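The next block is entry_25.txt, given as compact mmCIF, C-alpha atoms.
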```
# COMPACT_ATOMS: atom_id res chain seq x y z
CA SER E 21 -6.12 80.45 71.54
CA ASN E 22 -2.36 80.47 71.71
CA ALA E 23 -0.76 77.07 71.26
CA PRO E 24 2.48 76.40 73.12
CA PRO E 25 5.64 76.55 71.00
CA GLN E 26 7.24 73.43 69.56
CA ALA E 27 9.98 71.80 71.62
CA PRO E 28 13.62 72.23 70.60
CA SER E 29 15.03 69.21 68.77
CA GLY E 30 18.42 67.67 68.18
CA LEU E 31 19.92 68.79 71.50
CA LYS E 32 23.51 67.62 71.75
CA PHE E 33 26.63 68.26 73.79
CA SER E 34 30.08 68.51 72.22
CA SER E 35 33.07 68.53 74.57
CA THR E 36 35.67 71.24 74.03
CA GLY E 37 37.92 69.95 76.82
CA SER E 38 37.71 67.85 79.96
CA THR E 39 35.62 70.45 81.82
CA ALA E 40 33.84 72.37 79.05
CA GLY E 41 31.63 72.00 76.04
CA THR E 42 28.85 73.41 73.90
CA LEU E 43 25.19 72.53 73.76
CA THR E 44 23.52 72.98 70.37
CA TRP E 45 19.90 72.49 69.28
CA ASN E 46 17.33 73.31 66.64
CA SER E 47 14.49 75.58 67.61
CA TYR E 48 11.81 77.65 66.00
CA ALA E 49 11.56 81.33 65.21
CA ASN E 50 10.78 83.84 67.95
CA THR E 51 11.19 81.47 70.89
CA LYS E 52 13.53 81.74 73.83
CA THR E 53 15.19 78.52 74.98
CA GLU E 54 15.33 77.48 78.63
CA ILE E 55 18.13 75.05 79.47
CA GLU E 56 18.07 72.69 82.44
CA GLU E 57 20.94 70.61 83.76
CA ARG E 58 21.21 67.52 85.96
CA LYS E 59 24.47 66.52 87.63
CA ASP E 60 24.89 62.93 88.81
CA ALA E 61 21.77 61.98 90.82
CA GLU E 62 20.52 65.53 91.42
CA ALA E 63 17.27 66.89 90.01
CA PHE E 64 17.19 68.95 86.82
CA LYS E 65 17.50 72.67 87.46
CA GLN E 66 17.38 75.66 85.15
CA ILE E 67 20.83 77.06 84.32
CA ALA E 68 20.08 79.50 81.49
CA THR E 69 17.51 81.21 79.34
CA VAL E 70 18.86 81.84 75.86
CA THR E 71 17.50 84.65 73.72
CA GLU E 72 15.62 84.26 70.44
CA GLY E 73 17.77 83.33 67.45
CA VAL E 74 20.57 81.75 69.53
CA TYR E 75 21.02 77.99 69.18
CA ASP E 76 24.04 77.22 71.33
CA TYR E 77 25.19 77.54 74.90
CA HIS E 78 28.74 77.20 76.21
CA ARG E 79 29.16 75.34 79.48
CA THR E 80 32.36 75.59 81.51
CA ASN E 81 33.63 74.44 84.92
CA LEU E 82 32.10 71.00 84.59
CA ARG E 83 33.33 68.45 87.11
CA ARG E 84 35.57 65.97 85.35
CA LYS E 85 34.10 62.82 86.86
CA SER E 86 30.44 63.84 87.11
CA LEU E 87 27.75 62.62 84.75
CA TYR E 88 25.75 65.50 83.28
CA ALA E 89 22.47 65.59 81.42
CA TRP E 90 20.72 68.54 79.78
CA ARG E 91 17.27 69.22 78.39
CA ALA E 92 15.72 72.30 76.83
CA ARG E 93 12.32 73.78 76.15
CA SER E 94 11.01 76.68 74.13
CA MET E 95 9.23 79.68 75.61
CA LYS E 96 7.02 82.17 73.81
CA ASP E 97 4.38 84.60 75.09
CA GLY E 98 4.49 83.02 78.54
CA LEU E 99 3.87 79.51 77.21
CA VAL E 100 6.40 76.67 77.38
CA SER E 101 6.90 73.67 75.12
CA GLU E 102 7.46 70.05 76.00
CA TYR E 103 11.09 69.20 76.79
CA SER E 104 13.60 68.31 74.10
CA ASN E 105 15.53 65.09 73.98
CA ILE E 106 18.19 64.74 76.70
CA ALA E 107 21.87 65.26 75.91
CA VAL E 108 24.51 63.72 78.17
CA ARG E 109 28.18 63.94 79.01
```
For the structure just supplied, provide its representation as structure tokens.
Amino acid sequence: SNAPPQAPSGLKFSSTGSTAGTLTWNSYANTKTEIEERKDAEAFKQIATVTEGVYDYHRTNLRRKSLYAWRARSMKDGLVSEYSNIAVR
């Protein structure tokens, strides 16, 4: 039986300006990474699916005064991992 992939780890957000930044994480071979974002009190929603072998995602046009949170999970062969830790800005 196929086990789900391991969750990404070490998710963090590094600002590159007042309205932009980069998410980085560690993940495992041959998994896509699905990124979800929460703004202020809204629910998390998916904003991107990142291809295998890519471990960063650039986020622009963030609202200056909003509080953001992100989480990620791995996907492989139709199976999804648990969520990563949450990164905030």
May I ask for the distance between CA of Glu57 in chain E and CA of Ala89 in chain E, given in Å to one decimal place? 5.7 Å
In terms of all atoms listed in the file, the residue from E:Asn22, E:Glu72, E:Lys85, E:Glu102 at minimal distance from Thr51 in chain E is E:Glu72
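Our summary of the geometry notes that CA of Tyr77 in chain E is positioned 26.2 Å from CA of Ala23 in chain E.
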Near Pro28 in chain E, within 9 Å and counting all atoms listed in the file, which residues show up once chain neighbours fewer than 3 positions away are dropped, as a ChimeraX atom specification? /E:31,45-48,53,92-94,101-105
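Shortest atom-to-atom contact with Thr36 in chain E among E:Lys59, E:His78, E:Lys52, E:Arg84: E:His78, counting only C-alpha atoms.
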